[in-house]
file data.tsv (TSV, C-alpha atoms)
chain	number	residue	atom	x	y	z
P	1	MET	CA	2.41	21.42	-6.39
P	2	THR	CA	-1.22	22.01	-7.32
P	3	SER	CA	-3.28	19.45	-9.16
P	4	ALA	CA	-6.62	20.16	-10.80
P	5	ILE	CA	-9.44	17.66	-10.49
P	6	ASN	CA	-10.43	16.21	-13.82
P	7	TYR	CA	-14.10	16.99	-14.15
P	8	ALA	CA	-14.30	15.98	-17.81
P	9	PRO	CA	-18.00	15.20	-18.34
P	10	ALA	CA	-18.94	11.65	-19.15
P	11	MET	CA	-20.12	10.80	-22.63
P	12	VAL	CA	-23.90	11.19	-22.95
P	13	LEU	CA	-25.84	8.23	-24.39
P	14	ARG	CA	-29.06	8.98	-26.27
P	15	PRO	CA	-31.54	6.43	-27.65
P	16	THR	CA	-32.36	6.43	-31.36
P	17	TYR	CA	-34.99	4.46	-33.22
P	18	ARG	CA	-34.87	2.97	-36.72
P	19	ALA	CA	-37.89	1.48	-38.46
P	20	VAL	CA	-37.42	-2.14	-39.54
P	21	THR	CA	-40.88	-3.54	-40.34
P	22	PRO	CA	-44.31	-2.06	-39.76
P	23	GLY	CA	-45.24	-2.21	-36.11
P	24	ARG	CA	-41.67	-2.86	-34.96
P	25	ARG	CA	-38.82	-0.57	-34.03
P	26	TRP	CA	-35.09	-1.24	-33.68
P	27	PHE	CA	-33.62	0.23	-30.51
P	28	SER	CA	-30.00	1.37	-30.53
P	29	VAL	CA	-27.85	3.76	-28.57
P	30	ARG	CA	-25.59	6.43	-29.98
P	31	ALA	CA	-23.06	8.55	-28.20
P	32	ALA	CA	-23.60	12.28	-28.28
P	33	SER	CA	-20.51	14.43	-28.23
P	34	GLU	CA	-22.36	17.17	-26.41
P	35	ALA	CA	-22.40	17.01	-22.63
P	36	PRO	CA	-24.54	19.06	-20.29
P	37	PRO	CA	-22.72	22.14	-19.08
P	38	SER	CA	-20.88	21.74	-15.80
P	39	PRO	CA	-22.25	23.74	-12.90
P	40	PRO	CA	-20.13	26.72	-11.92
P	41	PRO	CA	-17.64	25.99	-9.14
P	42	PRO	CA	-18.75	27.06	-5.67
P	43	LYS	CA	-17.55	30.40	-4.37
P	44	LEU	CA	-15.16	29.67	-1.54
P	45	SER	CA	-13.59	31.98	1.00
P	46	PRO	CA	-12.15	31.60	4.49
P	47	PRO	CA	-14.51	32.03	7.45
P	48	PRO	CA	-15.04	35.66	8.53
P	49	ASP	CA	-12.13	37.07	10.53
P	50	PHE	CA	-10.15	33.89	9.94
P	51	LYS	CA	-6.54	33.93	11.11
P	52	ALA	CA	-4.22	30.95	10.84
P	53	PRO	CA	-3.03	29.82	14.31
P	54	GLU	CA	0.56	29.75	15.40
P	55	PRO	CA	1.95	26.20	15.46
P	56	LYS	CA	2.27	24.64	18.90
P	57	THR	CA	4.53	21.59	18.94
P	58	PHE	CA	2.81	18.59	20.57
P	59	GLY	CA	0.03	20.84	21.84
P	60	VAL	CA	-3.43	19.25	22.21
P	61	ARG	CA	-6.54	21.40	22.39
P	62	PRO	CA	-8.55	20.20	25.42
P	63	ASP	CA	-11.67	19.33	23.40
P	64	LYS	CA	-9.59	17.02	21.19
P	65	SER	CA	-7.81	15.09	23.96
P	66	LEU	CA	-10.07	12.02	23.73
P	67	ASP	CA	-9.88	12.03	19.93
P	68	ILE	CA	-6.08	12.09	20.01
P	69	PHE	CA	-6.08	9.26	22.56
P	70	THR	CA	-8.34	6.99	20.51
P	71	ALA	CA	-6.52	7.84	17.27
P	72	SER	CA	-3.30	6.73	18.99
P	73	PHE	CA	-4.49	3.12	19.34
P	74	ALA	CA	-2.96	2.44	15.93
P	75	PHE	CA	0.57	2.92	17.21
P	76	PHE	CA	0.21	-0.04	19.56
P	77	PHE	CA	-1.86	-2.36	17.37
P	78	ARG	CA	0.28	-1.68	14.28
P	79	ALA	CA	3.66	-1.43	16.06
P	80	GLY	CA	4.37	1.99	14.58
P	81	SER	CA	3.74	0.99	10.95
P	82	GLY	CA	3.30	4.14	8.89
P	83	ASN	CA	5.43	6.25	11.24
P	84	PHE	CA	8.79	5.64	9.57
P	85	CYS	CA	10.00	5.73	5.98
P	86	ASP	CA	11.64	2.74	4.35
P	87	GLY	CA	15.24	2.30	5.45
P	88	TYR	CA	14.81	4.68	8.38
P	89	SER	CA	17.83	5.42	10.54
P	90	SER	CA	18.59	8.10	13.12
P	91	THR	CA	21.57	9.47	14.97
P	92	PHE	CA	21.91	11.95	17.83
P	93	VAL	CA	24.33	14.75	16.98
P	94	SER	CA	25.34	18.01	18.60
P	95	ASP	CA	23.74	21.30	17.59
P	96	ASP	CA	26.81	22.48	15.68
P	97	GLU	CA	26.64	19.45	13.39
P	98	ILE	CA	23.33	20.63	11.96
P	99	PRO	CA	23.85	23.58	9.57
P	100	PRO	CA	21.51	26.58	9.73
P	101	GLY	CA	18.31	26.00	7.78
P	102	GLN	CA	18.39	22.20	8.11
P	103	TYR	CA	15.54	20.44	9.86
P	104	ALA	CA	16.33	18.15	12.79
P	105	LEU	CA	14.26	17.14	15.79
P	106	ASP	CA	15.41	18.73	19.04
P	107	VAL	CA	15.53	16.14	21.84
P	108	GLY	CA	16.86	17.24	25.21
P	109	GLY	CA	19.28	19.78	23.78
P	110	ARG	CA	20.61	17.41	21.11
P	111	LYS	CA	19.56	17.01	17.51
P	112	LEU	CA	18.14	13.83	16.03
P	113	LYS	CA	19.36	13.45	12.45
P	114	GLU	CA	17.00	11.17	10.50
P	115	THR	CA	17.48	9.57	7.09
P	116	SER	CA	15.81	6.94	4.90
P	117	LYS	CA	16.51	4.84	1.82
P	118	LEU	CA	13.81	5.35	-0.76
P	119	GLY	CA	13.16	3.79	-4.15
P	120	PRO	CA	12.37	5.47	-7.49
P	121	ARG	CA	10.08	8.47	-7.31
P	122	PRO	CA	6.91	8.60	-9.44
P	123	GLU	CA	6.67	11.64	-11.69
P	124	LYS	CA	2.94	12.10	-11.02
P	125	PRO	CA	1.04	11.49	-7.77
P	126	ILE	CA	-0.59	8.09	-7.34
P	127	ILE	CA	-4.41	8.25	-7.25
P	128	LEU	CA	-6.28	6.37	-4.52
P	129	TYR	CA	-10.01	5.92	-3.92
P	130	GLU	CA	-10.65	4.81	-0.34
P	131	PHE	CA	-12.38	5.57	2.93
P	132	GLN	CA	-11.05	6.13	6.41
P	133	SER	CA	-12.50	3.29	8.52
P	134	CYS	CA	-11.63	0.47	6.10
P	135	PRO	CA	-8.76	-1.75	7.42
P	136	PHE	CA	-7.76	-2.68	3.87
P	137	CYS	CA	-7.48	1.03	3.02
P	138	ARG	CA	-5.49	1.60	6.21
P	139	LYS	CA	-2.92	-0.96	5.03
P	140	VAL	CA	-2.44	0.93	1.76
P	141	ARG	CA	-2.21	4.27	3.56
P	142	GLU	CA	0.57	2.80	5.69
P	143	ILE	CA	2.66	1.72	2.70
P	144	VAL	CA	2.13	5.14	1.13
P	145	SER	CA	3.73	6.72	4.22
P	146	ILE	CA	6.51	4.11	4.38
P	147	LEU	CA	7.42	4.64	0.71
P	148	ASP	CA	7.10	8.44	1.11
P	149	LEU	CA	4.74	8.73	-1.86
P	150	ASP	CA	2.61	11.71	-2.81
P	151	VAL	CA	-0.97	10.52	-3.34
P	152	LEU	CA	-4.09	12.23	-4.62
P	153	PHE	CA	-6.90	10.89	-2.43
P	154	TYR	CA	-10.49	10.76	-3.61
P	155	PRO	CA	-12.46	9.98	-0.42
P	156	CYS	CA	-15.35	7.54	-0.85
P	157	PRO	CA	-17.49	7.80	2.31
P	158	ARG	CA	-20.77	5.93	2.56
P	159	ASN	CA	-23.47	7.76	0.55
P	160	GLY	CA	-20.84	10.01	-1.01
P	161	PRO	CA	-22.28	11.20	-4.35
P	162	ASN	CA	-19.07	11.89	-6.25
P	163	PHE	CA	-16.23	9.39	-6.03
P	164	ARG	CA	-17.76	6.18	-4.66
P	165	PRO	CA	-19.91	5.79	-7.81
P	166	LYS	CA	-16.91	6.67	-9.97
P	167	VAL	CA	-15.01	3.60	-8.72
P	168	SER	CA	-17.75	1.37	-10.12
P	169	GLN	CA	-17.47	3.17	-13.46
P	170	LEU	CA	-13.69	2.89	-13.56
P	171	GLY	CA	-13.14	-0.64	-12.28
P	172	GLY	CA	-16.49	-2.35	-12.63
P	173	LYS	CA	-17.20	-2.90	-8.93
P	174	LYS	CA	-17.68	-0.88	-5.78
P	175	GLN	CA	-14.68	-2.12	-3.80
P	176	PHE	CA	-12.00	-0.26	-1.88
P	177	PRO	CA	-9.20	0.64	-2.00
P	178	TYR	CA	-8.88	1.27	-5.73
P	179	LEU	CA	-5.56	2.55	-7.08
P	180	VAL	CA	-4.74	4.28	-10.33
P	181	ASP	CA	-1.11	4.96	-11.25
P	182	PRO	CA	-0.98	7.60	-14.00
P	183	ASN	CA	2.74	6.94	-14.40
P	184	THR	CA	2.22	3.39	-15.66
P	185	GLY	CA	-1.47	3.14	-16.55
P	186	VAL	CA	-1.99	0.46	-13.89
P	187	ALA	CA	-5.38	0.39	-12.12
P	188	MET	CA	-6.19	-2.22	-9.49
P	189	TYR	CA	-8.22	-3.40	-6.51
P	190	GLU	CA	-7.08	-5.60	-3.59
P	191	SER	CA	-4.98	-4.05	-0.83
P	192	ASP	CA	-2.29	-6.76	-0.77
P	193	ASP	CA	-1.84	-6.55	-4.55
P	194	ILE	CA	-1.64	-2.75	-4.34
P	195	ILE	CA	0.99	-2.95	-1.58
P	196	LYS	CA	3.05	-5.45	-3.56
P	197	TYR	CA	2.82	-3.30	-6.70
P	198	LEU	CA	3.89	-0.10	-4.91
P	199	VAL	CA	6.79	-1.83	-3.14
P	200	GLU	CA	8.06	-3.35	-6.37
P	201	LYS	CA	7.64	-0.15	-8.37
P	202	TYR	CA	8.65	2.52	-5.85
P	203	GLY	CA	10.38	0.67	-3.02
P	204	THR	CA	12.97	-2.04	-2.41
P	205	GLY	CA	10.75	-4.90	-3.55
P	206	THR	CA	10.29	-6.22	-0.01
P	207	VAL	CA	6.94	-5.78	1.76
P	208	PRO	CA	7.48	-4.53	5.35
P	209	THR	CA	6.87	-7.16	8.02
P	210	MET	CA	3.80	-5.51	9.53
P	211	LEU	CA	2.16	-5.52	6.09
P	212	SER	CA	3.10	-9.10	5.19
P	213	LEU	CA	1.35	-11.08	7.94
P	214	GLY	CA	-1.80	-11.90	6.00
P	215	LEU	CA	-4.90	-12.14	8.17
P	216	LEU	CA	-3.00	-10.82	11.21
P	217	THR	CA	-2.16	-7.65	9.31
P	218	THR	CA	-5.80	-7.08	8.40
P	219	LEU	CA	-6.98	-7.90	11.94
P	220	THR	CA	-4.58	-5.46	13.60
P	221	ALA	CA	-5.37	-2.80	10.98
P	222	GLY	CA	-9.01	-3.14	11.99
P	223	LEU	CA	-8.16	-2.96	15.70
P	224	ALA	CA	-6.13	0.18	15.01
P	225	LEU	CA	-9.33	1.85	13.82
P	226	ILE	CA	-11.66	0.57	16.51
P	227	GLY	CA	-11.24	3.56	18.81
P	228	ARG	CA	-12.46	5.92	16.12
P	229	MET	CA	-15.85	4.19	15.74
P	230	GLY	CA	-16.08	4.72	11.97
P	231	LYS	CA	-15.32	8.46	12.07
P	232	GLY	CA	-14.79	9.97	8.65
P	233	SER	CA	-16.60	7.25	6.73
P	234	SER	CA	-20.13	8.66	6.39
P	235	TYR	CA	-20.79	11.54	4.03
P	236	THR	CA	-21.54	15.02	5.30
P	237	PRO	CA	-23.02	17.24	2.53
P	238	SER	CA	-20.36	19.64	1.35
P	239	LYS	CA	-19.16	21.97	-1.36
P	240	LEU	CA	-16.84	20.23	-3.81
P	241	PRO	CA	-13.67	22.32	-4.30
P	242	PRO	CA	-12.48	23.04	-7.85
P	243	ILE	CA	-8.88	22.22	-6.86
P	244	PRO	CA	-7.73	19.50	-4.44
P	245	LEU	CA	-6.48	20.66	-1.07
P	246	GLU	CA	-2.88	19.83	-0.12
P	247	LEU	CA	-1.93	18.15	3.14
P	248	TRP	CA	1.48	17.33	4.59
P	249	ALA	CA	0.76	14.29	6.75
P	250	TYR	CA	1.52	10.65	7.50
P	251	GLU	CA	-0.57	7.70	8.60
P	252	GLY	CA	1.18	7.16	11.94
P	253	SER	CA	0.25	10.58	13.37
P	254	PRO	CA	-3.01	10.74	15.38
P	255	PHE	CA	-3.19	14.48	14.64
P	256	CYS	CA	-3.09	13.76	10.90
P	257	VAL	CA	-5.70	11.01	11.28
P	258	LEU	CA	-8.24	13.47	12.72
P	259	VAL	CA	-7.81	15.82	9.78
P	260	LYS	CA	-8.02	12.94	7.29
P	261	GLU	CA	-11.32	11.87	8.87
P	262	VAL	CA	-12.90	15.25	8.21
P	263	LEU	CA	-11.51	15.43	4.66
P	264	GLY	CA	-13.07	12.00	4.16
P	265	GLU	CA	-16.54	12.74	5.52
P	266	LEU	CA	-16.70	15.99	3.52
P	267	GLU	CA	-15.53	14.07	0.42
P	268	LEU	CA	-12.80	16.64	-0.27
P	269	PRO	CA	-10.13	15.53	-2.76
P	270	HIS	CA	-6.71	16.17	-1.30
P	271	LEU	CA	-3.12	15.68	-2.34
P	272	VAL	CA	-1.11	14.20	0.53
P	273	HIS	CA	2.60	14.87	0.71
P	274	SER	CA	3.82	12.01	2.91
P	275	VAL	CA	6.15	13.16	5.70
P	276	ALA	CA	6.77	10.13	7.93
P	277	ARG	CA	9.93	10.04	10.06
P	278	GLY	CA	12.95	10.13	7.76
P	279	SER	CA	11.10	11.76	4.86
P	280	PRO	CA	13.18	14.27	2.88
P	281	LYS	CA	9.96	16.26	2.45
P	282	ARG	CA	10.23	17.26	6.10
P	283	GLN	CA	13.12	19.45	5.01
P	284	ASP	CA	11.02	20.78	2.11
P	285	LEU	CA	8.23	21.83	4.46
P	286	TYR	CA	10.76	23.33	6.87
P	287	GLU	CA	12.17	25.48	4.08
P	288	LYS	CA	8.68	26.39	2.90
P	289	THR	CA	7.30	27.54	6.26
P	290	GLY	CA	10.30	27.92	8.57
P	291	HIS	CA	8.86	25.16	10.74
P	292	PHE	CA	8.07	21.47	10.57
P	293	GLN	CA	4.89	20.08	12.03
P	294	ALA	CA	2.25	17.71	10.67
P	295	PRO	CA	-0.45	18.10	9.64
P	296	TYR	CA	0.00	21.21	7.55
P	297	LEU	CA	-2.78	22.28	5.15
P	298	GLU	CA	-2.74	24.48	2.07
P	299	ASP	CA	-6.05	25.28	0.41
P	300	PRO	CA	-5.50	26.72	-3.08
P	301	ASN	CA	-9.23	27.51	-3.31
P	302	THR	CA	-9.07	30.11	-0.53
P	303	GLY	CA	-5.35	30.79	-0.10
P	304	VAL	CA	-5.37	29.50	3.49
P	305	LYS	CA	-2.17	27.90	4.82
P	306	MET	CA	-2.15	26.55	8.35
P	307	PHE	CA	-0.84	24.17	11.01
P	308	GLU	CA	-2.73	22.77	14.05
P	309	SER	CA	-5.09	19.83	13.51
P	310	ALA	CA	-7.97	21.09	15.67
P	311	GLU	CA	-8.06	24.44	13.91
P	312	ILE	CA	-7.69	22.78	10.49
P	313	ILE	CA	-10.79	20.71	11.29
P	314	ASP	CA	-12.72	23.84	12.31
P	315	TYR	CA	-11.64	25.55	9.10
P	316	LEU	CA	-12.68	22.63	6.87
P	317	ARG	CA	-16.13	22.38	8.43
P	318	ALA	CA	-16.72	26.14	8.32
P	319	THR	CA	-15.57	26.41	4.70
P	320	TYR	CA	-16.95	23.27	3.07
P	321	ALA	CA	-19.75	21.68	5.14
P	322	LEU	CA	-23.24	22.57	3.97
P	323	SER	CA	-24.66	21.69	7.37
P	324	GLN	CA	-22.66	22.24	10.53
P	325	SER	CA	-22.36	19.20	12.81
call {"tool": "encode", "arguments": {"input": "data.tsv", "output": "structure tokens"}}
result
Amino acid sequence: MTSAINYAPAMVLRPTYRAVTPGRRWFSVRAASEAPPSPPPPKLSPPPDFKAPEPKTFGVRPDKSLDIFTASFAFFFRAGSGNFCDGYSSTFVSDDEIPPGQYALDVGGRKLKETSKLGPRPEKPIILYEFQSCPFCRKVREIVSILDLDVLFYPCPRNGPNFRPKVSQLGGKKQFPYLVDPNTGVAMYESDDIIKYLVEKYGTGTVPTMLSLGLLTTLTAGLALIGRMGKGSSYTPSKLPPIPLELWAYEGSPFCVLVKEVLGELELPHLVHSVARGSPKRQDLYEKTGHFQAPYLEDPNTGVKMFESAEIIDYLRATYALSQS
């Protein structure tokens, strides 16, 4: 599924003057229907001699070992929240119980069959404005993975020129996360209210325990991020893509976290297809590529499709960063 970013220009306000009495003028504002022309989209292409890497299950590139370690803190502080879909269950079965073409995790020569119990599915992706190092945003990202929702993320890093200001225009204040549900017209701040809304609308109505502990939830969400030292939350000048990138990922994976950080700092809109444990979309990706592994990136602006978090990060920086870091 490919979603175009809505770049509809804002209404232009122009001052007009009307004489009232000599020496005085009446100031008013009228809306002009004309808007300045949008700049042409940037020309985007893969890096020279680019070749998508072969997927390597559980492989860690040596220069990313420390990053993976610190991104894994979340599993312990958050007790695995964001790793499993709602109603997750699993059963070990023999190889012959899994038909050809069906995804199942291979564990010691046996297959792990995983299922979940999900609520109603939204017709259109939820829209979320947020940034990576915010514990309140982390809480919402966790429920997105648990409910197996597809979400169009508009990253709002510090000093980001595009989407951080837009939140103030849409909601009246610069506060994150900010959710817009195009299926219902609901738009809202406050992470706990967002979680409750999503659970009631697209889940069972019950907030998962690790997201219902009040201050303790927020504290542990902050501790989960502490190893990353704010990575992904300060803007790096970049080219804005005409079409959002697509990412198959979930909040509980440290490999996915590293890719999300770079998407955030480059302020790249991206549609996330949630694929936590038990997600039926794991089967969809398996059928699409002949393999399941997260993260998996598709860039409709260049035609690139690839696995491997370290190489995805290299690709994003080479393609979109205006200054290499």
call {"tool": "closest_residue", "arguments": {"input": "data.tsv", "among": "P:Gln102, P:Thr218, P:Gln132, P:Ser234", "to": "P:Asp284", "atoms": "all atoms listed in the file"}}
result
P:Gln102
call {"tool": "closest_residue", "arguments": {"input": "data.tsv", "among": "P:Ser72, P:Ser90, P:Thr206, P:Ser191", "to": "P:Glu142", "atoms": "all atoms listed in the file"}}
result
P:Ser191
call {"tool": "residues_around", "arguments": {"input": "data.tsv", "residues": "P:Asn301", "least_positions_apart": "2", "cutoff": "7 Å", "atoms": "all atoms listed in the file", "output": "ChimeraX atom specification"}}
result
/P:44,241,243,299,303
call {"tool": "closest_residue", "arguments": {"input": "data.tsv", "among": "P:Pro208, P:Tyr189, P:Arg282, P:Glu200", "to": "P:Leu170", "atoms": "all atoms listed in the file"}}
result
P:Tyr189
call {"tool": "residues_around", "arguments": {"input": "data.tsv", "residues": "P:Leu152", "least_positions_apart": "6", "cutoff": "6 Å", "atoms": "all atoms listed in the file", "output": "number ranges by chain"}}
result
P: 127, 270-271
call {"tool": "residues_around", "arguments": {"input": "data.tsv", "residues": "P:Asn162", "least_positions_apart": "6", "cutoff": "10 Å", "atoms": "all atoms listed in the file", "output": "list in words"}}
result
Tyr154, Pro155, Cys156, Leu240, Glu267 and Leu268 of chain P
call {"tool": "closest_residue", "arguments": {"input": "data.tsv", "among": "P:Thr319, P:Ala224, P:Ser81, P:Tyr286", "to": "P:Ser212", "atoms": "all atoms listed in the file"}}
result
P:Ser81
call {"tool": "atom_distance", "arguments": {"input": "data.tsv", "atom1": "atom CA of P:Ala187", "atom2": "atom CA of P:Leu128"}}
result
9.7 Å
